[in-house]
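Source file: data_16.txt (compact mmCIF, C-alpha atoms)
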```txt
# COMPACT_ATOMS: atom_id res chain seq x y z
CA MET P 1 9.80 5.04 -22.07
CA ILE P 2 8.40 7.06 -24.97
CA PRO P 3 8.71 10.87 -24.72
CA ARG P 4 4.91 11.26 -24.36
CA TYR P 5 5.06 10.03 -20.77
CA THR P 6 8.55 11.22 -19.83
CA ARG P 7 8.82 14.38 -17.78
CA PRO P 8 12.18 16.20 -18.11
CA GLU P 9 13.27 15.86 -14.48
CA MET P 10 12.80 12.10 -14.35
CA GLY P 11 14.06 11.64 -17.89
CA ARG P 12 17.32 13.39 -16.97
CA ILE P 13 17.93 10.94 -14.12
CA TRP P 14 17.82 8.01 -16.56
CA SER P 15 19.71 9.64 -19.41
CA GLU P 16 22.89 7.96 -20.63
CA GLU P 17 24.85 11.10 -19.85
CA HIS P 18 23.71 11.12 -16.24
CA LYS P 19 24.37 7.42 -15.78
CA ILE P 20 27.94 7.80 -17.00
CA SER P 21 28.45 10.84 -14.77
CA LEU P 22 27.44 8.67 -11.81
CA TRP P 23 29.80 5.88 -12.87
CA LEU P 24 32.55 8.47 -12.92
CA ARG P 25 31.52 9.77 -9.52
CA VAL P 26 31.79 6.27 -8.07
CA GLU P 27 35.22 5.73 -9.61
CA ILE P 28 36.48 9.06 -8.27
CA ALA P 29 35.11 8.29 -4.79
CA VAL P 30 36.94 4.96 -4.81
CA ALA P 31 40.15 6.65 -5.96
CA GLU P 32 39.81 9.23 -3.18
CA ALA P 33 39.56 6.43 -0.64
CA TRP P 34 42.66 4.74 -2.06
CA ALA P 35 44.47 8.10 -2.01
CA THR P 36 43.80 8.57 1.71
CA ARG P 37 45.53 5.18 2.20
CA GLY P 38 48.59 6.30 0.24
CA VAL P 39 47.94 3.98 -2.70
CA ILE P 40 47.35 6.72 -5.28
CA PRO P 41 49.95 9.55 -5.44
CA PRO P 42 48.66 13.11 -5.02
CA ASP P 43 49.52 14.18 -8.57
CA ALA P 44 47.68 11.17 -10.05
CA MET P 45 44.70 11.83 -7.77
CA GLU P 46 44.56 15.40 -8.98
CA ARG P 47 44.35 14.16 -12.58
CA ILE P 48 41.64 11.63 -11.65
CA ARG P 49 39.51 14.32 -9.99
CA GLY P 50 39.37 16.08 -13.37
CA ALA P 51 38.56 12.92 -15.31
CA LYS P 52 35.91 13.03 -18.00
CA CYS P 53 34.24 10.43 -20.17
CA ASP P 54 33.46 11.35 -23.76
CA LEU P 55 30.23 9.47 -24.40
CA GLU P 56 30.72 9.26 -28.15
CA ARG P 57 34.24 7.91 -27.67
CA MET P 58 32.89 5.37 -25.18
CA ARG P 59 30.34 4.18 -27.73
CA GLN P 60 33.01 3.74 -30.36
CA ILE P 61 35.09 1.60 -28.01
CA GLU P 62 32.05 -0.42 -26.94
CA LYS P 63 31.44 -1.45 -30.55
CA GLU P 64 34.91 -2.97 -30.48
CA VAL P 65 35.00 -4.59 -27.03
CA ASP P 66 31.27 -5.31 -26.50
CA HIS P 67 31.54 -4.31 -22.82
CA ASP P 68 30.15 -1.00 -21.63
CA VAL P 69 32.23 -0.67 -18.45
CA ILE P 70 35.50 -1.47 -20.21
CA ALA P 71 34.58 1.08 -22.87
CA PHE P 72 33.82 3.60 -20.13
CA LEU P 73 37.16 2.96 -18.42
CA ARG P 74 39.14 3.32 -21.64
CA ALA P 75 37.35 6.53 -22.64
CA THR P 76 37.83 7.95 -19.16
CA GLY P 77 41.44 6.84 -19.03
CA GLU P 78 42.20 8.80 -22.18
CA SER P 79 41.32 11.99 -20.27
CA VAL P 80 43.85 11.41 -17.44
CA GLY P 81 46.87 9.80 -19.12
CA GLU P 82 49.18 7.73 -16.91
CA ALA P 83 46.90 8.20 -13.89
CA ALA P 84 44.39 5.90 -15.61
CA ARG P 85 46.15 2.88 -14.07
CA PHE P 86 44.78 3.91 -10.68
CA ILE P 87 41.16 4.03 -11.84
CA HIS P 88 38.99 0.96 -11.09
CA LEU P 89 41.63 -0.34 -8.70
CA GLY P 90 40.45 -3.64 -7.16
CA LEU P 91 36.95 -3.27 -8.60
CA THR P 92 34.66 -5.33 -10.77
CA SER P 93 32.10 -3.85 -13.16
CA SER P 94 29.17 -4.38 -10.79
CA ASP P 95 30.87 -2.32 -8.10
CA VAL P 96 30.44 0.67 -10.37
CA ILE P 97 27.14 -0.28 -12.01
CA ASP P 98 25.23 -1.26 -8.87
CA THR P 99 26.52 1.60 -6.76
CA ALA P 100 25.70 4.16 -9.45
CA LEU P 101 22.31 2.52 -9.95
CA ALA P 102 21.59 3.03 -6.26
CA LEU P 103 22.28 6.74 -6.72
CA GLN P 104 19.88 6.87 -9.66
CA LEU P 105 17.16 5.04 -7.74
CA VAL P 106 17.53 7.38 -4.76
CA GLU P 107 17.23 10.39 -7.04
CA ALA P 108 14.16 8.90 -8.70
CA ALA P 109 12.62 8.03 -5.34
CA ASP P 110 13.19 11.56 -4.05
CA LEU P 111 11.35 12.95 -7.07
CA LEU P 112 8.49 10.47 -6.59
CA VAL P 113 8.18 11.36 -2.89
CA ALA P 114 7.90 15.03 -3.85
CA ASP P 115 5.21 14.07 -6.39
CA VAL P 116 3.29 12.16 -3.73
CA ASP P 117 3.53 15.09 -1.32
CA ARG P 118 1.93 17.40 -3.87
CA LEU P 119 -0.86 14.91 -4.53
CA ILE P 120 -1.47 14.43 -0.79
CA GLU P 121 -1.82 18.19 -0.36
CA ALA P 122 -4.23 18.46 -3.31
CA VAL P 123 -6.41 15.61 -2.05
CA GLY P 124 -6.39 17.00 1.48
CA ARG P 125 -7.51 20.44 0.33
CA ARG P 126 -10.38 19.02 -1.72
CA ALA P 127 -11.41 16.71 1.14
CA ILE P 128 -11.72 19.63 3.52
CA GLU P 129 -13.51 21.68 0.86
CA HIS P 130 -16.15 18.96 0.40
CA ARG P 131 -16.37 17.62 3.93
CA ARG P 132 -20.14 18.42 3.96
CA THR P 133 -20.93 17.65 0.32
CA VAL P 134 -23.42 14.79 0.71
CA MET P 135 -23.55 12.01 -1.85
CA ILE P 136 -24.72 8.43 -1.98
CA GLY P 137 -22.18 5.78 -1.12
CA ARG P 138 -22.05 2.78 -3.42
CA THR P 139 -21.09 -0.84 -2.96
CA HIS P 140 -21.03 -3.27 -5.91
CA GLY P 141 -21.92 -0.21 -8.03
CA VAL P 142 -25.30 -0.02 -6.24
CA HIS P 143 -26.57 2.73 -3.92
CA ALA P 144 -25.70 1.91 -0.32
CA GLU P 145 -25.80 4.62 2.40
CA PRO P 146 -24.96 8.36 2.33
CA ILE P 147 -21.41 9.63 2.70
CA THR P 148 -19.78 12.94 1.83
CA PHE P 149 -17.38 13.50 -1.02
CA GLY P 150 -14.88 14.79 1.52
CA PHE P 151 -15.15 11.48 3.35
CA LYS P 152 -14.31 9.63 0.14
CA LEU P 153 -11.28 11.85 -0.39
CA ALA P 154 -10.22 11.36 3.22
CA GLY P 155 -9.82 7.68 2.38
CA TRP P 156 -7.68 8.61 -0.62
CA TYR P 157 -5.58 10.87 1.60
CA ALA P 158 -4.91 8.13 4.13
CA GLU P 159 -4.04 5.63 1.40
CA LEU P 160 -1.54 8.06 -0.15
CA LYS P 161 0.02 8.59 3.24
CA ARG P 162 0.62 4.85 3.53
CA ALA P 163 2.01 4.84 0.00
CA ARG P 164 4.47 7.56 0.98
CA GLU P 165 5.72 5.52 3.93
CA ARG P 166 6.21 2.49 1.69
CA LEU P 167 8.03 4.61 -0.91
CA ILE P 168 10.45 5.93 1.72
CA ALA P 169 11.06 2.35 2.90
CA ALA P 170 11.71 1.26 -0.69
CA ARG P 171 14.12 4.17 -1.15
CA GLU P 172 16.04 3.02 1.89
CA GLU P 173 16.03 -0.58 0.64
CA VAL P 174 17.85 0.36 -2.58
CA ARG P 175 20.09 3.03 -1.00
CA VAL P 176 22.87 0.45 -0.93
CA GLY P 177 26.21 0.31 -2.73
CA LYS P 178 28.89 -2.35 -2.98
CA ILE P 179 32.65 -2.02 -3.46
CA SER P 180 33.55 -5.60 -2.67
CA GLY P 181 35.19 -6.96 -5.80
CA ALA P 182 34.67 -9.85 -8.16
CA VAL P 183 32.56 -12.18 -5.99
CA GLY P 184 32.00 -9.90 -3.03
CA THR P 185 34.77 -11.28 -0.78
CA HIS P 186 36.81 -8.05 -0.64
CA ALA P 187 39.82 -9.96 -1.91
CA ASN P 188 41.28 -6.86 -3.58
CA VAL P 189 39.49 -4.04 -1.79
CA PRO P 190 39.15 -3.82 2.01
CA PRO P 191 35.72 -3.57 3.68
CA ASP P 192 36.61 -0.29 5.37
CA LEU P 193 37.24 1.28 1.94
CA GLU P 194 33.77 0.16 0.85
CA GLU P 195 32.27 1.79 3.94
CA GLU P 196 34.13 5.03 3.25
CA VAL P 197 33.12 5.17 -0.41
CA CYS P 198 29.46 4.47 0.29
CA GLN P 199 29.45 7.10 3.02
CA ARG P 200 30.93 9.64 0.59
CA LEU P 201 28.11 8.87 -1.83
CA GLY P 202 25.32 8.97 0.76
CA LEU P 203 24.71 5.23 0.56
CA ARG P 204 24.88 2.28 2.94
CA ALA P 205 27.28 -0.54 2.21
CA ASP P 206 25.64 -3.86 1.41
CA PRO P 207 26.51 -6.01 4.45
CA ALA P 208 26.98 -9.17 2.37
CA SER P 209 26.97 -8.76 -1.40
CA THR P 210 28.00 -11.26 -4.02
CA GLN P 211 29.37 -9.78 -7.22
CA VAL P 212 26.11 -7.82 -7.27
CA VAL P 213 23.73 -6.27 -4.81
CA SER P 214 20.98 -8.85 -4.29
CA ARG P 215 17.96 -8.10 -6.43
CA ASP P 216 15.36 -8.65 -3.74
CA ARG P 217 15.96 -4.96 -2.96
CA HIS P 218 15.10 -3.87 -6.47
CA ALA P 219 12.08 -6.18 -6.63
CA PHE P 220 10.76 -4.57 -3.43
CA PHE P 221 11.27 -1.14 -4.99
CA VAL P 222 9.39 -2.03 -8.19
CA ALA P 223 6.59 -3.73 -6.26
CA THR P 224 6.19 -0.61 -4.10
CA LEU P 225 5.88 1.57 -7.20
CA SER P 226 3.32 -0.84 -8.61
CA ILE P 227 1.18 -0.70 -5.46
CA LEU P 228 1.20 3.09 -5.62
CA GLY P 229 0.26 2.89 -9.29
CA SER P 230 -2.67 0.65 -8.40
CA THR P 231 -3.78 3.20 -5.81
CA LEU P 232 -3.84 5.84 -8.55
CA ASP P 233 -5.74 3.37 -10.74
CA ARG P 234 -8.35 3.07 -7.99
CA PHE P 235 -8.77 6.85 -7.84
CA ALA P 236 -8.93 7.10 -11.63
CA THR P 237 -11.51 4.31 -11.83
CA GLU P 238 -13.68 6.13 -9.28
CA ILE P 239 -13.51 9.34 -11.31
CA ARG P 240 -14.41 7.44 -14.47
CA HIS P 241 -17.44 5.81 -12.83
CA LEU P 242 -18.69 9.08 -11.35
CA GLN P 243 -18.32 10.86 -14.70
CA ARG P 244 -20.68 8.48 -16.51
CA THR P 245 -23.67 10.27 -18.07
CA GLU P 246 -26.10 8.46 -15.78
CA VAL P 247 -24.15 9.61 -12.70
CA ARG P 248 -22.27 12.82 -13.64
CA GLU P 249 -21.26 13.69 -10.08
CA LEU P 250 -17.66 14.40 -11.11
CA GLU P 251 -16.00 15.52 -14.32
CA GLU P 252 -12.43 15.87 -15.40
CA PRO P 253 -11.49 19.46 -16.24
CA PHE P 254 -12.40 20.22 -19.84
CA ASP P 255 -11.19 23.31 -21.64
CA PRO P 256 -13.62 24.75 -24.23
CA SER P 257 -11.00 24.16 -26.91
CA ASN P 258 -10.69 20.46 -26.02
CA MET P 259 -12.29 17.81 -28.20
CA GLY P 260 -13.59 14.58 -26.72
CA SER P 261 -14.41 12.74 -29.94
CA SER P 262 -13.62 13.11 -33.61
CA ALA P 263 -17.19 12.07 -34.49
CA MET P 264 -19.35 13.20 -31.56
CA PRO P 265 -18.93 16.87 -30.60
CA HIS P 266 -20.89 16.48 -27.36
CA LYS P 267 -18.37 14.09 -25.76
CA ARG P 268 -16.39 15.03 -22.64
CA ASN P 269 -14.50 11.85 -21.88
CA PRO P 270 -12.44 11.02 -18.76
CA HIS P 271 -9.39 10.45 -20.94
CA GLU P 272 -6.76 11.36 -18.35
CA SER P 273 -8.23 8.96 -15.79
CA GLU P 274 -8.35 6.28 -18.47
CA ARG P 275 -4.71 6.96 -19.28
CA ILE P 276 -3.77 6.53 -15.63
CA SER P 277 -5.62 3.21 -15.50
CA GLY P 278 -3.84 2.05 -18.64
CA LEU P 279 -0.40 3.03 -17.38
CA ALA P 280 -1.11 1.28 -14.06
CA ARG P 281 -1.47 -1.96 -16.03
CA LEU P 282 1.93 -1.34 -17.59
CA LEU P 283 3.47 -0.55 -14.22
CA ARG P 284 2.10 -3.75 -12.65
CA SER P 285 3.59 -5.77 -15.51
CA TYR P 286 7.10 -4.82 -14.36
CA VAL P 287 6.74 -6.63 -11.04
CA GLY P 288 7.01 -10.12 -12.54
CA PRO P 289 10.37 -9.51 -14.28
CA ALA P 290 11.71 -7.73 -11.16
CA LEU P 291 10.83 -10.76 -9.03
CA GLU P 292 12.45 -13.13 -11.53
CA ASP P 293 15.65 -11.08 -11.35
CA ILE P 294 16.14 -12.23 -7.76
CA ALA P 295 17.13 -15.75 -8.85
CA LEU P 296 20.58 -15.19 -10.35
CA TRP P 297 23.09 -18.02 -10.84
CA HIS P 298 25.68 -18.50 -8.09
CA GLU P 299 27.48 -15.23 -7.29
CA ARG P 300 26.03 -13.52 -10.35
CA ASP P 301 24.92 -13.67 -13.94
CA ILE P 302 23.70 -10.83 -16.15
CA SER P 303 20.16 -12.00 -16.86
CA HIS P 304 18.91 -9.16 -14.64
CA SER P 305 20.80 -6.46 -16.53
CA SER P 306 18.68 -6.36 -19.69
CA VAL P 307 15.50 -6.36 -17.60
CA GLU P 308 16.62 -3.47 -15.41
CA ARG P 309 17.68 -1.30 -18.34
CA VAL P 310 13.98 -1.21 -19.26
CA VAL P 311 12.04 -1.81 -16.07
CA LEU P 312 13.69 0.57 -13.61
CA PRO P 313 13.68 3.68 -15.82
CA ASP P 314 10.23 2.94 -17.21
CA ALA P 315 8.63 2.20 -13.83
CA THR P 316 9.85 5.44 -12.26
CA ILE P 317 9.13 7.52 -15.38
CA VAL P 318 5.59 6.14 -15.70
CA LEU P 319 4.76 6.61 -12.02
CA ASP P 320 6.13 10.16 -12.07
CA TYR P 321 3.83 10.96 -15.00
CA MET P 322 0.84 9.29 -13.31
CA LEU P 323 1.33 11.18 -10.05
CA VAL P 324 1.62 14.57 -11.73
CA THR P 325 -1.41 13.84 -13.93
CA MET P 326 -3.51 12.75 -10.94
CA THR P 327 -2.51 15.86 -8.99
CA ARG P 328 -3.63 18.06 -11.89
CA LEU P 329 -6.90 16.11 -12.08
CA VAL P 330 -7.66 16.43 -8.38
CA GLU P 331 -6.84 20.13 -8.26
CA ALA P 332 -9.16 20.97 -11.17
CA LEU P 333 -11.75 18.21 -10.71
CA VAL P 334 -15.28 19.47 -11.37
CA VAL P 335 -17.53 18.45 -8.46
CA ARG P 336 -21.32 18.65 -8.95
CA PRO P 337 -23.05 18.73 -5.52
CA GLU P 338 -26.43 19.33 -7.12
CA ARG P 339 -26.10 16.14 -9.12
CA MET P 340 -25.05 14.25 -6.01
CA ALA P 341 -28.22 15.49 -4.30
CA GLU P 342 -30.33 14.43 -7.28
CA ASN P 343 -28.86 10.95 -7.30
CA LEU P 344 -29.38 10.61 -3.56
CA GLU P 345 -33.02 11.58 -4.04
CA ARG P 346 -33.38 9.02 -6.83
CA SER P 347 -32.65 6.26 -4.34
CA LEU P 348 -36.24 6.76 -3.03
CA GLY P 349 -34.96 6.47 0.52
CA LEU P 350 -33.84 2.87 0.01
CA HIS P 351 -30.56 3.75 1.68
CA ALA P 352 -32.50 4.03 4.97
CA ALA P 353 -33.51 0.35 4.94
CA GLY P 354 -30.69 -0.58 7.30
CA ARG P 355 -31.75 2.10 9.78
CA VAL P 356 -35.32 0.83 9.77
CA LEU P 357 -34.03 -2.70 10.31
CA LEU P 358 -32.08 -1.58 13.39
CA ALA P 359 -35.03 0.42 14.72
CA LEU P 360 -37.31 -2.64 14.53
CA VAL P 361 -34.69 -4.84 16.22
CA GLU P 362 -34.37 -2.28 19.01
CA ARG P 363 -38.13 -2.51 19.51
CA GLY P 364 -37.95 -6.26 20.05
CA TRP P 365 -38.22 -7.79 16.58
CA SER P 366 -35.87 -10.64 15.67
CA ARG P 367 -33.29 -9.65 13.10
CA GLU P 368 -34.56 -12.27 10.63
CA GLU P 369 -38.15 -11.05 10.89
CA ALA P 370 -37.19 -7.40 10.57
CA TYR P 371 -34.89 -8.09 7.62
CA ALA P 372 -37.59 -10.00 5.72
CA VAL P 373 -40.20 -7.25 6.18
CA VAL P 374 -37.86 -4.36 5.32
CA GLN P 375 -36.34 -6.18 2.36
CA ALA P 376 -39.77 -6.93 0.89
CA ALA P 377 -40.77 -3.29 1.27
CA ALA P 378 -37.50 -2.07 -0.26
CA LEU P 379 -37.80 -4.34 -3.27
CA ARG P 380 -41.36 -3.26 -3.80
CA ALA P 381 -40.41 0.42 -3.50
CA ALA P 382 -37.68 -0.04 -6.10
CA ASP P 383 -39.91 -1.95 -8.52
CA GLU P 384 -42.88 0.42 -8.15
CA ARG P 385 -40.70 3.55 -7.93
CA ARG P 386 -42.33 4.62 -4.69
CA PRO P 387 -40.57 6.28 -1.73
CA LEU P 388 -39.68 3.68 0.89
CA ARG P 389 -40.72 6.02 3.70
CA SER P 390 -44.34 6.37 2.51
CA LEU P 391 -44.59 2.66 1.78
CA LEU P 392 -43.36 1.68 5.26
CA ALA P 393 -45.72 4.19 6.83
CA THR P 394 -48.60 2.14 5.49
CA GLU P 395 -47.01 -1.25 6.19
CA ALA P 396 -49.04 -2.55 9.12
CA PRO P 397 -46.32 -4.43 11.04
CA VAL P 398 -43.90 -1.50 10.77
CA ALA P 399 -46.46 1.25 11.36
CA GLY P 400 -47.70 -0.66 14.40
CA THR P 401 -44.20 -0.72 15.89
CA LEU P 402 -42.59 2.62 14.99
CA THR P 403 -44.18 6.01 15.51
CA THR P 404 -44.18 8.51 12.68
CA ALA P 405 -41.35 10.41 14.38
CA GLU P 406 -39.29 7.25 14.86
CA LEU P 407 -39.76 6.30 11.22
CA GLU P 408 -38.85 9.82 10.08
CA ALA P 409 -35.67 9.64 12.19
CA CYS P 410 -34.54 6.59 10.22
CA PHE P 411 -34.43 8.77 7.10
CA ASP P 412 -32.48 11.65 8.68
CA GLU P 413 -29.19 12.13 6.80
CA GLY P 414 -27.49 13.29 9.97
CA SER P 415 -27.75 9.82 11.51
CA TRP P 416 -25.33 8.48 8.90
CA LEU P 417 -22.98 11.43 8.76
CA ARG P 418 -22.62 12.46 12.39
CA HIS P 419 -19.10 10.98 12.70
CA VAL P 420 -17.78 12.15 9.33
CA PRO P 421 -16.38 15.41 10.83
CA THR P 422 -14.25 13.33 13.18
CA ILE P 423 -12.79 11.41 10.25
CA ILE P 424 -12.19 14.57 8.23
CA ALA P 425 -10.57 16.21 11.25
CA ARG P 426 -7.86 13.54 11.13
CA LEU P 427 -6.64 15.21 7.95
CA ASP P 428 -5.27 18.03 10.06
CA THR P 429 -3.09 15.53 11.92
CA LEU P 430 -1.90 13.95 8.69
CA GLU P 431 -1.07 17.34 7.20
CA ALA P 432 0.94 18.20 10.32
CA GLU P 433 2.87 14.96 9.93
CA LEU P 434 3.55 15.79 6.31
CA ALA P 435 4.84 19.25 7.23
CA ALA P 436 7.13 17.71 9.83
CA ARG P 437 8.57 15.33 7.24
CA ARG P 438 9.30 18.23 4.94
CA ALA P 439 11.23 19.93 7.71
CA ALA P 440 13.26 16.75 8.35
CA PRO P 441 13.44 14.68 5.14
CA ALA P 442 13.95 10.95 5.36
CA GLY P 443 17.41 11.12 3.79
CA ARG P 444 19.77 13.34 1.88
CA THR P 445 19.17 13.77 -1.80
CA VAL P 446 21.82 12.76 -4.29
CA ALA P 447 22.40 16.44 -5.08
CA GLU P 448 23.10 17.14 -1.40
CA VAL P 449 25.48 14.21 -1.25
CA ALA P 450 27.31 15.50 -4.32
CA ASP P 451 27.74 18.89 -2.65
CA VAL P 452 29.24 17.25 0.42
CA ALA P 453 31.56 15.12 -1.72
CA ARG P 454 32.80 18.19 -3.59
```

Show me, as structure tokens, the structure contained in the file I just sent.
Amino acid sequence: MIPRYTRPEMGRIWSEEHKISLWLRVEIAVAEAWATRGVIPPDAMERIRGAKCDLERMRQIEKEVDHDVIAFLRATGESVGEAARFIHLGLTSSDVIDTALALQLVEAADLLVADVDRLIEAVGRRAIEHRRTVMIGRTHGVHAEPITFGFKLAGWYAELKRARERLIAAREEVRVGKISGAVGTHANVPPDLEEEVCQRLGLRADPASTQVVSRDRHAFFVATLSILGSTLDRFATEIRHLQRTEVRELEEPFDPSNMGSSAMPHKRNPHESERISGLARLLRSYVGPALEDIALWHERDISHSSVERVVLPDATIVLDYMLVTMTRLVEALVVRPERMAENLERSLGLHAAGRVLLALVERGWSREEAYAVVQAAALRAADERRPLRSLLATEAPVAGTLTTAELEACFDEGSWLRHVPTIIARLDTLEAELAARRAAPAGRTVAEVADVAR
């Protein structure tokens, strides 16, 4: 991923230096397990614990052998001398690569979960702040019935909560290592050693790997990230629509020194929301290759490798950037209640048509008859730009059925919004759940695992 969208924390996880440090951590964990079985002498194990891999030296060797793991092993072996013969004992390349990749994915997932938590908190705060900020609801881009802006954000909050649960499930799905040898049969490395190594690293052992960990796990992970990206795209699209000049109910934060257009000084464009929508398209494009990686030949091939070198870092880096950007947007989003009120007034009361329909049905009209009369009045009100309430008051069939007070009640905003406080109140429950998760995280972070291992 280009530096423009790479935040330092996530970029570090996918750096070449960090990847090689994880390969080395896996090799040392395997050696420790062999040492406890008396296979590696104590003096050799002491040398292996201090092993290092010179990345430049590894690259030089790779040019010669055209195999990154062999280059890694040779460069590492040069740092431990004779003890090098005990490194990679019984292993195949994928034992190291896939197990280290699991550590990277767990680290990336932990960072993404923290990002989601911050966004959930920001959305929750703004939802509570605007629980009574009335605005028109829209379906098909057309005025429907009144809602509050807090109600809209409550929906975002609940969707993010579901996204968090899926992300934790995806983290668990890829939190799997394998130390099972060339085709996964444990011919040269016992299953109990695999269990011990994975436990040392904070991973689960794949119950039945081939030479690789099956890629359905990674496809699930990428698909989960893509769904979350599409959720952010939905939020960004909403902000973009509500920032249009004709609507102007929301605006992205705009510093006086910002410039929206090189040619038109008056422009304040929703460029960050547009960027999120664009990156969501990129993120969704990774799902297809991740799904195709599932179908490897026999016990393995390497057609998945080139895909994952791009897709897995890019997907996590892009989503990290999108989440942080959306959090900043939500926290500083400019909300214009006065404009929301103006737009609601511009609807000429048409949003009350459904209430009038129900009132007439309750008074004995058939639904078809009531619908036809109210629809005709609503269309006329829209075309003639007349308030629906005054037009219905002079409509003989309606005026002969509903009293003035009953008709007025149909246009009372409170009749639509009386249950919104109940929905907003659920945010308190969700926030309590979030706080509880913070107190008891879903799993140890890679950093915590490293501390235990040391």

Can you build me a table of region 1-59 of chain P residues sitting at most 12 Å from region 272-287 of chain P, with the closest atom pair per residue and its distance in Å to one decimal, using only C-alpha atoms, sorted by chain and residue number, as JSON lines?
```
{"residue": "P:Met1", "atom": "CA", "partner": "P:Leu282", "partner_atom": "CA", "distance": 11.1}
{"residue": "P:Arg4", "atom": "CA", "partner": "P:Arg275", "partner_atom": "CA", "distance": 11.7}
{"residue": "P:Tyr5", "atom": "CA", "partner": "P:Leu279", "partner_atom": "CA", "distance": 9.5}
```

Just-selected residues, C-alpha atoms written as an mmCIF file, keeping the file's coordinate frame:
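Contents of the output file out_33.cif:
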```cif
data_model
loop_
_atom_site.group_PDB
_atom_site.id
_atom_site.type_symbol
_atom_site.label_atom_id
_atom_site.label_comp_id
_atom_site.auth_asym_id
_atom_site.auth_seq_id
_atom_site.Cartn_x
_atom_site.Cartn_y
_atom_site.Cartn_z
ATOM 1 C CA MET P 1 9.800 5.040 -22.070
ATOM 2 C CA ARG P 4 4.910 11.260 -24.360
ATOM 3 C CA TYR P 5 5.060 10.030 -20.770
#
```

If you count all atoms listed in the file, which residues fall within 12 Å of Ile302 (chain P), apart from same-chain ones fewer than 4 positions away, as a PyMOL selection string?
chain P and resi 93-94+97+211-212+215+293-298+306-309

How would the residues just chosen look if you wrote them out with C-alpha atoms as a PDB file, in the coordinates of the input?
```
ATOM      1  CA  SER P  93      32.100  -3.850 -13.160  1.00  0.00           C
ATOM      2  CA  SER P  94      29.170  -4.380 -10.790  1.00  0.00           C
ATOM      3  CA  ILE P  97      27.140  -0.280 -12.010  1.00  0.00           C
ATOM      4  CA  GLN P 211      29.370  -9.780  -7.220  1.00  0.00           C
ATOM      5  CA  VAL P 212      26.110  -7.820  -7.270  1.00  0.00           C
ATOM      6  CA  ARG P 215      17.960  -8.100  -6.430  1.00  0.00           C
ATOM      7  CA  ASP P 293      15.650 -11.080 -11.350  1.00  0.00           C
ATOM      8  CA  ILE P 294      16.140 -12.230  -7.760  1.00  0.00           C
ATOM      9  CA  ALA P 295      17.130 -15.750  -8.850  1.00  0.00           C
ATOM     10  CA  LEU P 296      20.580 -15.190 -10.350  1.00  0.00           C
ATOM     11  CA  TRP P 297      23.090 -18.020 -10.840  1.00  0.00           C
ATOM     12  CA  HIS P 298      25.680 -18.500  -8.090  1.00  0.00           C
ATOM     13  CA  SER P 306      18.680  -6.360 -19.690  1.00  0.00           C
ATOM     14  CA  VAL P 307      15.500  -6.360 -17.600  1.00  0.00           C
ATOM     15  CA  GLU P 308      16.620  -3.470 -15.410  1.00  0.00           C
ATOM     16  CA  ARG P 309      17.680  -1.300 -18.340  1.00  0.00           C
TER      17      ARG P 309
END
```

Need to verify the contact set: Ala332 (chain P), 8 Å, only C-alpha atoms, exclusion of same-chain residues closer than 2 positions in sequence. Can you return it as a ChimeraX atom specification?
/P:252-253,328-330,334

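Distance-wise, CA of Asp117 (chain P) and CA of Asp216 (chain P) end up 26.6 Å apart.
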
Grab the CA of Asp206 (chain P) to CA of Lys178 (chain P) distance for me, in Å with one decimal place.
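Answer for the CA of Asp206 (chain P) to CA of Lys178 (chain P) separation: 5.7 Å.
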
Selection near region 63-79 of chain P, 6 Å with all atoms listed in the file, sequence-local residues under 4 positions removed, as an MDAnalysis selection string:
chainID P and resid 51:53 58 84

Dump C-alpha atoms for the selected residues as a compact mmCIF listing (two decimals), in the frame of the given file?
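Saved as out-v1.txt:
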```txt
# COMPACT_ATOMS: atom_id res chain seq x y z
CA ALA P 51 38.56 12.92 -15.31
CA LYS P 52 35.91 13.03 -18.00
CA CYS P 53 34.24 10.43 -20.17
CA MET P 58 32.89 5.37 -25.18
CA ALA P 84 44.39 5.90 -15.61
```

Give me the residues near Leu103 (chain P) as number ranges by chain, where near means some atom within 12 Å (using all atoms listed in the file) and where sequence neighbours in that chain fewer than 5 positions away do not count.
P: 13-14, 18-23, 25-26, 96-98, 108-110, 171-172, 174-178, 198, 200-204, 444-450

Between P:Glu32, P:Glu395, P:Glu16, P:Asp115, which one has atoms that come closest to Val324 (chain P), using all atoms listed in the file?
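Checking each candidate against Val324 (chain P), we get P:Asp115 as the closest.
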
Give as a ChimeraX atom specification each residue that has an atom at most 12 Å from (9.4, 4.2, -26.3) in the file, counting all atoms listed in the file.
/P:1-6,310,313-314,317-318

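Taking CA of Leu407 (chain P) as the reference point, CA of Leu392 (chain P) is found at 8.4 Å.
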
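Counting only C-alpha atoms and comparing P:Ile136, P:Val183, P:Val374, P:Ala396, the residue that lies closest to Arg346 (chain P) is P:Ile136.
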